[in-house]
>>> print(open('protein-v2.cif').read())   # mmCIF, C-alpha atoms and all ligand atoms
data_model
#
loop_
_atom_site.label_atom_id
_atom_site.label_comp_id
_atom_site.auth_asym_id
_atom_site.auth_seq_id
_atom_site.Cartn_x
_atom_site.Cartn_y
_atom_site.Cartn_z
CA MET D 192 97.86 105.35 61.61
CA ALA D 193 95.66 103.32 59.34
CA ILE D 194 95.50 99.59 59.95
CA SER D 195 95.94 98.94 56.27
CA GLN D 196 99.57 100.04 56.52
CA LEU D 197 100.38 97.06 58.74
CA THR D 198 100.95 94.31 56.23
CA GLU D 199 102.39 90.92 57.00
CA GLU D 200 105.31 91.72 54.69
CA ALA D 201 106.11 94.86 56.68
CA VAL D 202 105.97 92.88 59.92
CA LEU D 203 108.28 90.18 58.56
CA GLU D 204 110.68 92.87 57.36
CA ALA D 205 110.69 94.43 60.83
CA LEU D 206 111.32 91.03 62.45
CA ARG D 207 114.17 90.10 60.13
CA PRO D 208 116.94 91.63 62.32
CA VAL D 209 115.80 89.81 65.48
CA LYS D 210 118.53 87.33 66.40
CA ASP D 211 118.50 84.38 68.72
CA PRO D 212 120.54 85.78 71.64
CA GLU D 213 122.67 82.66 71.89
CA LEU D 214 122.94 81.42 68.35
CA GLN D 215 123.40 84.97 67.01
CA ARG D 216 121.52 84.27 63.82
CA GLY D 217 118.25 85.62 62.53
CA MET D 218 115.28 83.90 64.14
CA LEU D 219 113.21 84.21 60.97
CA GLU D 220 116.02 82.72 58.91
CA LEU D 221 116.31 79.83 61.39
CA LYS D 222 112.52 79.35 61.22
CA MET D 223 112.33 79.99 64.95
CA ILE D 224 109.72 82.71 64.33
CA ARG D 225 106.68 81.35 62.50
CA ASP D 226 102.98 81.83 61.82
CA VAL D 227 103.22 85.63 61.85
CA THR D 228 99.71 87.08 61.67
CA VAL D 229 98.53 90.67 61.94
CA SER D 230 95.61 90.19 64.34
CA GLY D 231 94.80 93.84 64.97
CA PRO D 232 96.29 97.30 64.70
CA GLU D 233 98.45 96.66 67.75
CA VAL D 234 98.65 92.88 67.98
CA ILE D 235 100.91 90.55 66.06
CA ASP D 236 100.38 86.87 66.74
CA LEU D 237 103.39 84.67 66.19
CA THR D 238 104.95 81.39 67.27
CA VAL D 239 108.49 81.19 68.61
CA VAL D 240 109.99 77.72 68.32
CA LEU D 241 112.88 77.44 70.76
CA THR D 242 115.64 74.83 70.59
CA THR D 243 114.80 73.79 74.16
CA PRO D 244 111.72 74.13 76.38
CA ALA D 245 114.21 75.00 79.14
CA CYS D 246 115.22 78.21 77.37
CA PRO D 247 116.46 80.78 79.89
CA LEU D 248 115.96 83.72 77.54
CA LYS D 249 112.23 83.86 76.84
CA ASN D 250 111.83 87.34 78.37
CA ARG D 251 114.78 88.68 76.46
CA ILE D 252 113.46 87.24 73.18
CA HIS D 253 110.01 88.74 73.83
CA GLU D 254 111.60 92.15 74.49
CA ASP D 255 113.75 91.93 71.36
CA ILE D 256 110.71 91.10 69.24
CA ASP D 257 108.63 93.96 70.70
CA ARG D 258 111.53 96.35 70.16
CA ALA D 259 111.78 95.30 66.53
CA LEU D 260 108.03 95.75 66.05
CA ALA D 261 108.19 99.25 67.57
CA VAL D 262 109.40 100.66 64.24
CA LEU D 263 106.03 99.79 62.69
CA PRO D 264 103.06 102.18 62.64
CA GLY D 265 101.14 101.91 65.91
CA SER D 266 104.06 100.12 67.64
CA PRO D 267 102.26 96.77 67.75
CA LYS D 268 103.12 94.20 70.43
CA ALA D 269 103.78 90.52 69.90
CA ARG D 270 101.46 87.89 71.32
CA ILE D 271 103.75 84.89 71.43
CA ARG D 272 102.90 81.22 71.43
CA TRP D 273 105.96 79.38 72.73
CA ASP D 274 106.94 76.05 71.31
CA ALA D 275 110.14 73.98 71.34
CA GLN D 276 111.90 71.44 69.19
CA VAL D 277 115.05 70.21 70.85
CA SER D 278 117.89 70.02 68.35
CA ARG D 279 119.70 66.76 67.87
CA THR D 280 123.42 66.16 68.04
CA GLY D 281 124.55 65.39 64.51
CA GLY D 282 126.69 62.42 63.61
CA ILE D 283 129.51 61.89 66.07
CA PRO D 284 132.43 60.27 64.21
CA ASN D 285 132.67 56.50 64.78
CA LYS D 286 129.70 56.52 67.13
CA GLN D 287 126.32 54.99 66.56
CA GLN D 288 123.40 57.21 67.56
CA ILE D 289 120.85 55.92 70.06
CA PRO D 290 117.53 55.65 68.22
CA GLY D 291 115.05 58.29 69.43
CA VAL D 292 117.59 60.01 71.70
CA ARG D 293 118.47 63.56 70.61
CA ASN D 294 121.20 64.41 73.11
CA VAL D 295 123.35 62.48 75.57
CA ILE D 296 124.81 64.50 78.43
CA SER D 297 127.36 62.83 80.71
CA VAL D 298 127.96 64.01 84.25
CA GLY D 299 131.44 63.41 85.60
CA ALA D 300 133.51 64.48 88.59
CA GLY D 301 137.14 64.48 89.64
CA LYS D 302 136.30 62.34 92.64
CA GLY D 303 133.40 60.71 94.48
CA GLY D 304 131.13 62.31 97.05
CA VAL D 305 130.94 65.75 95.44
CA GLY D 306 127.20 65.41 94.81
CA LYS D 307 127.40 64.29 91.19
CA SER D 308 124.36 61.99 91.41
CA THR D 309 122.31 64.51 93.39
CA CYS D 310 123.03 67.12 90.71
CA ALA D 311 122.32 64.69 87.86
CA VAL D 312 118.98 63.67 89.35
CA ASN D 313 117.72 67.16 90.22
CA VAL D 314 118.84 68.63 86.89
CA ALA D 315 117.19 65.75 85.00
CA ILE D 316 113.92 66.32 86.89
CA ALA D 317 114.19 70.07 86.26
CA LEU D 318 114.56 69.42 82.51
CA SER D 319 111.53 67.16 82.59
CA GLN D 320 109.46 69.71 84.55
CA LEU D 321 110.42 72.37 81.99
CA GLY D 322 108.85 70.17 79.32
CA ALA D 323 111.76 68.13 77.93
CA ARG D 324 111.54 64.37 77.52
CA THR D 325 114.31 63.20 79.81
CA GLY D 326 116.05 59.98 80.82
CA ILE D 327 118.92 59.08 83.12
CA ILE D 328 121.46 56.25 82.97
CA ASP D 329 123.18 55.46 86.23
CA ALA D 330 126.52 54.12 85.02
CA ASP D 331 128.44 54.64 88.25
CA VAL D 332 129.82 51.15 88.72
CA TYR D 333 131.43 52.15 92.02
CA GLY D 334 128.24 53.32 93.68
CA PRO D 335 125.07 53.27 91.61
CA ASN D 336 122.89 55.34 93.94
CA VAL D 337 120.51 56.99 91.47
CA PRO D 338 117.76 54.36 92.08
CA ILE D 339 117.92 55.18 95.80
CA LEU D 340 117.68 58.92 95.10
CA LEU D 341 114.62 58.28 92.93
CA GLY D 342 113.04 55.63 95.16
CA ALA D 343 113.47 52.88 92.58
CA GLU D 344 116.02 50.61 94.27
CA HIS D 345 113.64 47.67 94.41
CA GLU D 346 112.65 47.89 90.76
CA ARG D 347 113.72 45.28 88.26
CA PRO D 348 113.01 46.48 84.72
CA MET D 349 111.13 44.19 82.34
CA ALA D 350 111.63 43.54 78.66
CA ASP D 351 109.11 44.48 75.98
CA GLN D 352 107.97 42.20 73.16
CA ASN D 353 111.05 43.15 71.13
CA GLN D 354 113.33 42.10 73.97
CA LYS D 355 114.22 45.72 74.72
CA ILE D 356 114.50 46.73 78.37
CA ILE D 357 111.71 49.04 79.55
CA PRO D 358 113.16 51.85 81.69
CA VAL D 359 111.66 52.61 85.08
CA LEU D 360 109.68 55.88 85.17
CA ARG D 361 110.18 58.05 88.27
CA HIS D 362 109.15 61.68 88.75
CA GLY D 363 108.80 62.11 84.98
CA VAL D 364 112.27 60.73 84.21
CA LYS D 365 113.08 57.38 82.60
CA LEU D 366 115.77 55.52 84.52
CA ILE D 367 118.11 52.61 83.92
CA SER D 368 120.80 51.81 86.48
CA ILE D 369 123.71 49.44 86.51
CA GLY D 370 122.44 48.73 90.05
CA PHE D 371 119.37 46.98 88.59
CA PHE D 372 121.59 44.31 87.11
CA ILE D 373 123.93 43.51 89.97
CA GLU D 374 123.15 41.94 93.27
CA PRO D 375 123.32 44.34 96.18
CA ASP D 376 126.22 43.82 98.59
CA LYS D 377 128.02 41.61 96.13
CA PRO D 378 131.19 43.27 94.92
CA VAL D 379 131.50 43.30 91.17
CA ILE D 380 134.83 43.68 89.50
CA TRP D 381 134.23 45.40 86.23
CA ARG D 382 136.70 44.73 83.51
CA GLY D 383 136.87 46.87 80.41
CA PRO D 384 135.00 44.68 77.89
CA MET D 385 132.29 43.72 80.38
CA LEU D 386 131.78 47.35 81.24
CA GLY D 387 131.68 48.46 77.64
CA GLY D 388 129.08 45.75 77.01
CA ALA D 389 126.95 46.82 79.96
CA VAL D 390 127.01 50.48 78.98
CA ARG D 391 126.20 49.67 75.35
CA GLN D 392 123.31 47.56 76.54
CA PHE D 393 121.99 50.47 78.60
CA MET D 394 122.01 52.68 75.60
CA PHE D 395 121.01 50.45 72.71
CA ASP D 396 119.00 47.61 74.25
CA VAL D 397 116.69 49.93 76.17
CA ASN D 398 113.41 51.14 74.74
CA TRP D 399 113.91 54.84 75.52
CA GLY D 400 111.16 56.03 73.21
CA GLU D 401 111.73 59.66 72.20
CA LEU D 402 114.08 61.58 74.49
CA ASP D 403 115.35 65.15 74.25
CA TYR D 404 118.03 64.63 76.89
CA LEU D 405 119.59 61.46 78.26
CA VAL D 406 121.73 62.22 81.32
CA VAL D 407 124.50 59.72 82.15
CA ASP D 408 125.85 59.58 85.71
CA LEU D 409 129.43 58.44 85.08
CA PRO D 410 131.71 56.94 87.72
CA PRO D 411 133.88 59.66 89.32
CA GLY D 412 137.55 60.03 88.44
CA THR D 413 139.62 59.75 85.31
CA GLY D 414 140.85 56.15 85.24
CA ASP D 415 140.56 53.47 82.59
CA VAL D 416 136.93 52.74 83.46
CA GLN D 417 135.92 56.37 82.87
CA LEU D 418 137.97 56.54 79.70
CA SER D 419 136.53 53.42 78.15
CA MET D 420 133.01 54.42 79.12
CA SER D 421 133.36 57.93 77.75
CA GLN D 422 134.67 56.46 74.54
CA SER D 423 131.76 54.12 74.08
CA ILE D 424 129.01 56.70 74.66
CA PRO D 425 127.82 58.89 71.76
CA MET D 426 127.86 62.07 73.85
CA THR D 427 126.64 65.53 72.98
CA GLY D 428 128.95 66.68 75.75
CA ALA D 429 129.93 66.37 79.38
CA VAL D 430 129.26 68.31 82.56
CA VAL D 431 131.71 68.24 85.47
CA VAL D 432 130.57 68.67 89.08
CA SER D 433 132.99 69.89 91.73
CA THR D 434 132.99 71.31 95.23
CA PRO D 435 134.99 74.39 96.25
CA GLN D 436 137.63 72.30 98.09
CA ASP D 437 137.91 69.97 95.18
CA VAL D 438 138.74 72.83 92.79
CA SER D 439 141.99 73.45 94.62
CA THR D 440 143.09 69.89 93.88
CA ALA D 441 144.05 68.79 90.41
CA ASP D 442 141.13 66.34 90.12
CA VAL D 443 138.59 68.63 88.48
CA GLY D 444 141.10 69.93 85.96
CA LYS D 445 141.95 66.33 85.09
CA ALA D 446 138.29 65.47 84.53
CA ILE D 447 137.85 68.45 82.20
CA GLN D 448 141.08 67.52 80.46
CA MET D 449 139.94 63.93 79.98
CA PHE D 450 136.90 65.09 78.01
CA ASN D 451 139.07 67.50 76.01
CA THR D 452 141.43 64.65 75.13
CA LEU D 453 138.50 62.49 74.05
CA LYS D 454 137.17 65.43 71.99
CA VAL D 455 133.96 65.39 74.01
CA PRO D 456 132.63 68.97 74.25
CA ASN D 457 132.70 70.34 77.79
CA LEU D 458 129.19 71.69 78.36
CA GLY D 459 130.16 73.25 81.66
CA LEU D 460 131.22 73.10 85.27
CA ILE D 461 128.87 73.12 88.30
CA GLU D 462 130.03 74.16 91.77
CA ASN D 463 128.16 72.06 94.33
CA MET D 464 128.11 72.70 98.09
CA SER D 465 129.18 76.17 97.09
CA TYR D 466 127.95 78.08 100.13
CA HIS D 467 125.60 77.58 103.05
CA VAL D 468 122.52 79.63 103.89
CA CYS D 469 121.53 79.40 107.55
CA PRO D 470 117.96 78.06 107.71
CA HIS D 471 117.32 80.20 110.80
CA CYS D 472 118.82 83.60 110.12
CA GLY D 473 119.41 83.43 106.35
CA GLU D 474 123.06 84.32 106.75
CA ARG D 475 125.23 83.06 103.94
CA THR D 476 128.45 81.31 104.94
CA GLU D 477 131.11 80.30 102.49
CA ILE D 478 132.37 77.35 104.43
CA PHE D 479 135.00 76.26 101.98
CA GLY D 480 135.32 79.54 100.13
CA HIS D 481 133.41 79.74 96.88
CA GLY D 482 133.86 80.95 93.33
CA GLY D 483 136.87 78.74 92.60
CA ALA D 484 134.96 76.70 90.04
CA ARG D 485 133.83 79.79 88.17
CA ALA D 486 137.44 80.97 87.95
CA LEU D 487 138.62 77.51 86.89
CA ALA D 488 135.94 77.34 84.19
CA GLN D 489 137.10 80.68 82.90
CA ARG D 490 140.75 79.57 82.88
CA MET D 491 139.89 76.38 81.04
CA ALA D 492 137.55 78.22 78.66
CA ILE D 493 134.45 76.18 79.44
CA PRO D 494 130.98 77.43 80.42
CA PHE D 495 130.11 77.85 84.09
CA LEU D 496 126.62 76.50 84.80
CA GLY D 497 125.98 77.65 88.37
CA GLU D 498 126.54 77.36 92.10
CA ILE D 499 124.44 75.02 94.21
CA PRO D 500 124.42 75.71 97.96
CA LEU D 501 125.17 73.18 100.67
CA ASP D 502 121.76 72.66 102.18
CA GLN D 503 120.24 69.93 104.29
CA ARG D 504 117.02 70.18 102.27
CA ILE D 505 118.95 69.04 99.18
CA ARG D 506 120.27 65.99 101.02
CA GLU D 507 116.90 65.12 102.49
CA GLY D 508 114.52 66.22 99.73
CA GLY D 509 111.01 65.08 100.63
CA GLY D 510 112.29 61.92 102.29
CA PRO D 511 113.78 58.75 100.77
CA GLY D 512 113.34 58.62 97.02
CA VAL D 513 111.87 62.11 96.69
CA PRO D 514 114.42 64.67 95.47
CA LEU D 515 114.06 68.36 96.29
CA MET D 516 112.90 69.19 92.76
CA VAL D 517 109.83 67.04 93.43
CA SER D 518 109.18 67.84 97.10
CA ASP D 519 109.60 71.62 96.86
CA PRO D 520 109.64 72.76 93.21
CA GLN D 521 108.63 76.34 94.10
CA SER D 522 111.53 76.90 96.51
CA PRO D 523 114.52 79.15 95.75
CA LEU D 524 116.71 76.02 95.93
CA ALA D 525 114.69 74.37 93.16
CA GLN D 526 115.10 77.55 91.13
CA VAL D 527 118.88 77.14 91.43
CA TYR D 528 118.64 73.69 89.80
CA ARG D 529 116.24 75.03 87.17
CA ASP D 530 118.73 77.76 86.27
CA VAL D 531 121.52 75.19 85.98
CA ALA D 532 119.28 73.01 83.79
CA SER D 533 118.42 75.98 81.55
CA HIS D 534 122.06 76.97 81.14
CA LEU D 535 122.93 73.39 80.32
CA ALA D 536 120.13 73.07 77.77
CA ALA D 537 121.30 76.33 76.17
CA GLN D 538 124.84 74.95 75.89
CA VAL D 539 123.49 71.84 74.19
CA SER D 540 121.61 74.01 71.68
CA ILE D 541 124.73 76.09 71.02
CA ARG D 542 126.84 72.92 70.50
CA ASN D 543 124.35 71.42 68.09
CA PHE D 544 124.08 74.71 66.23
CA LYS D 545 127.83 74.99 65.84
CA GLN D 546 128.02 71.58 64.23
CA ALA D 547 128.30 71.83 60.50
CA SER D 548 125.32 69.52 60.21
CA PHE D 549 122.90 72.03 61.72
CA ILE D 550 119.84 72.50 59.58
CA PRO D 551 117.21 75.16 60.32
CA LEU D 552 114.26 73.74 62.20
CA ARG D 553 111.70 72.01 60.05
CA THR D 554 108.50 73.84 59.27
CA ILE D 555 105.62 71.51 59.87
N1 LIG A 1 124.17 70.64 97.66
C1 LIG A 1 124.11 69.73 98.62
N2 LIG A 1 123.75 70.05 99.88
C2 LIG A 1 123.73 69.11 100.87
N3 LIG A 1 124.03 67.83 100.69
C3 LIG A 1 124.39 67.44 99.45
C4 LIG A 1 124.43 68.36 98.35
N4 LIG A 1 124.80 67.67 97.24
C5 LIG A 1 124.98 66.39 97.64
N5 LIG A 1 124.73 66.24 98.95
C6 LIG A 1 124.86 65.01 99.76
O1 LIG A 1 126.21 64.58 99.67
C7 LIG A 1 126.30 63.16 99.62
C8 LIG A 1 127.01 62.73 98.32
O2 LIG A 1 126.19 63.09 97.21
P1 LIG A 1 126.08 62.17 95.91
O3 LIG A 1 125.20 62.90 94.96
O4 LIG A 1 125.74 60.79 96.25
O5 LIG A 1 127.60 62.28 95.44
P2 LIG A 1 128.40 61.52 94.29
O6 LIG A 1 127.42 61.00 93.30
O7 LIG A 1 129.30 62.58 93.73
O8 LIG A 1 129.18 60.45 94.95
C9 LIG A 1 124.86 62.66 99.68
O9 LIG A 1 124.56 62.35 101.01
C10 LIG A 1 124.03 63.86 99.24
O10 LIG A 1 122.75 63.88 99.81
MG MG A 2 126.86 59.00 92.87
#
>>> encode(input="protein-v2.cif", output="structure tokens")
Amino acid sequence: MAISQLTEEAVLEALRPVKDPELQRGMLELKMIRDVTVSGPEVIDLTVVLTTPACPLKNRIHEDIDRALAVLPGSPKARIRWDAQVSRTGGIPNKQQIPGVRNVISVGAGKGGVGKSTCAVNVAIALSQLGARTGIIDADVYGPNVPILLGAEHERPMADQNQKIIPVLRHGVKLISIGFFIEPDKPVIWRGPMLGGAVRQFMFDVNWGELDYLVVDLPPGTGDVQLSMSQSIPMTGAVVVSTPQDVSTADVGKAIQMFNTLKVPNLGLIENMSYHVCPHCGERTEIFGHGGARALAQRMAIPFLGEIPLDQRIREGGGPGVPLMVSDPQSPLAQVYRDVASHLAAQVSIRNFKQASFIPLRTI
């Protein structure tokens, strides 16, 4: 076929039916496909702007685009430049937005000890490694252990010239912990107003800069503390972490229900300590039975984000203060966290898209 037949108009026409697999709307219409150039008889250069750098569906999108282009003379292939602009949660009624912060994701659990902080930390690092600007607030008043997990327990954040607190930077993630502001070994009794004040200070008096995702490690459970905190945070949505044993109790259901009651979107459920893979023989053992969380998520009509195995390497990471995502990012275990992070980021994009306030991405 003659090259002259391949016009930019014809290419755009061929690309028009290509939909974002999750948002189910035309990618051209959403301005997610841009800069389309016919670079040769068989090469179309274009940019795909995703709503998260952690997009799990790049291969699928590439295939869909090539399939759409196959109707053109010479069946040209796309040469894609990937880019991302994380969407922002639109106005949440009665909640002030945190300047510069596009999405706030809370991590809750029915009870303590299920690995909530370990999940929050590794998922936050995964998001950062995938290219998203990420922060974490450790708001677990009962046991603020995120600084220990990130090797920042001796840090005391400073204020900038505008009297805003400068977060501590660890492994690419900006961190503020309630633990930075209380004396170790001194029990603190948090009352509602004091707590609300502390959490507000974490969000609004901190110089976060520009963040795509701010992960909040909430205290476990569904008491007054959790309720008042969840009410004071302008959340995009919440993630709940559970273990297989924990699913059989009512705790996880209550945590999911709490967010429903507060009209906080449930972004998904994670099953932690789901199964064990023997480090010697590779045999997989389902110590507590697994799959319960997936079934529960289905029953409660919320997304299921993944199963994280029980593994000593997760507990130990690369030693104190070095989580697995940092010490062994190429391992299959790290891939499990990356998959969870990608699913989560996709859920955030879907939530933001569903909001009436969604506007197609800006063309710069
Ligand atoms: N998938 C896992 N495999 C092995 N140990 C884990 C896993 N997840 C968490 N742990 C360990 O379990 C303990 C509790 O985890 P943590 O994240 O502090 O729980 P929580 O924040 O829910 O109280 C920690 O010692 C942690 O290292
Ligand atoms: Mg914790």
>>> closest_residue(input="protein-v2.cif", among="D:Ala323, D:Ile367, D:Ala446, D:Ala330", to="D:Glu344", atoms="all atoms listed in the file")
D:Ile367
>>> residues_near_ligand(input="protein-v2.cif", ligand="ligand MG 2 (chain A)", cutoff="9 Å", atoms="all atoms listed in the file", output="JSON, numbers by chain")
{"D": [303, 304, 305, 306, 307, 308, 309, 311, 329, 331, 333, 334, 335, 336, 337, 408, 409, 410, 411]}
>>> residues_around(input="protein-v2.cif", residues="D:Lys302", least_positions_apart="6", cutoff="8 Å", atoms="only C-alpha atoms", output="VMD selection string")
chain D and resid 411 to 412 442 to 443
>>> residues_near_point(input="protein-v2.cif", point="(124.2, 60.7, 72.5)", cutoff="8 Å", atoms="only C-alpha atoms", output="ChimeraX atom specification")
/D:280,288-289,292-296,405,424-427
>>> residues_around(input="protein-v2.cif", residues="D:Ile316", least_positions_apart="6", cutoff="7 Å", atoms="only C-alpha atoms", output="PyMOL selection string")
chain D and resi 362-364+516
>>> closest_residue(input="protein-v2.cif", among="D:Leu524, D:Glu199, D:Thr440, D:His253", to="D:Asp211", atoms="all atoms listed in the file")
D:His253
>>> residues_around(input="protein-v2.cif", residues="stretch 225-231 of chain D", least_positions_apart="6", cutoff="9 Å", atoms="all atoms listed in the file", output="VMD selection string")
chain D and resid 194 197 to 199 202 to 203 219 237 to 240 267 554
>>> atom_distance(input="protein-v2.cif", atom1="atom CA of D:Phe393", atom2="atom CA of D:Val432")
22.7 Å
>>> residues_around(input="protein-v2.cif", residues="D:Met449", least_positions_apart="6", cutoff="9 Å", atoms="all atoms listed in the file", output="PDB file with C-alpha atoms, keeping the file's coordinate frame")
ATOM      1  CA  THR D 413     139.620  59.750  85.310  1.00  0.00           C
ATOM      2  CA  LEU D 418     137.970  56.540  79.700  1.00  0.00           C
ATOM      3  CA  VAL D 455     133.960  65.390  74.010  1.00  0.00           C
TER       4      VAL D 455
END
>>> residues_around(input="protein-v2.cif", residues="stretch 478-493 of chain D", least_positions_apart="4", cutoff="8 Å", atoms="all atoms listed in the file", output="list in words")
Ser433, Thr434, Pro435, Gln436, Val438, Ser439, Asn457, Leu458, Gly459, Leu460, Ile461, Glu462, Ser465, Tyr466 and His467 of chain D
>>> atom_distance(input="protein-v2.cif", atom1="atom CA of D:Val431", atom2="atom CA of D:Val390")
19.5 Å
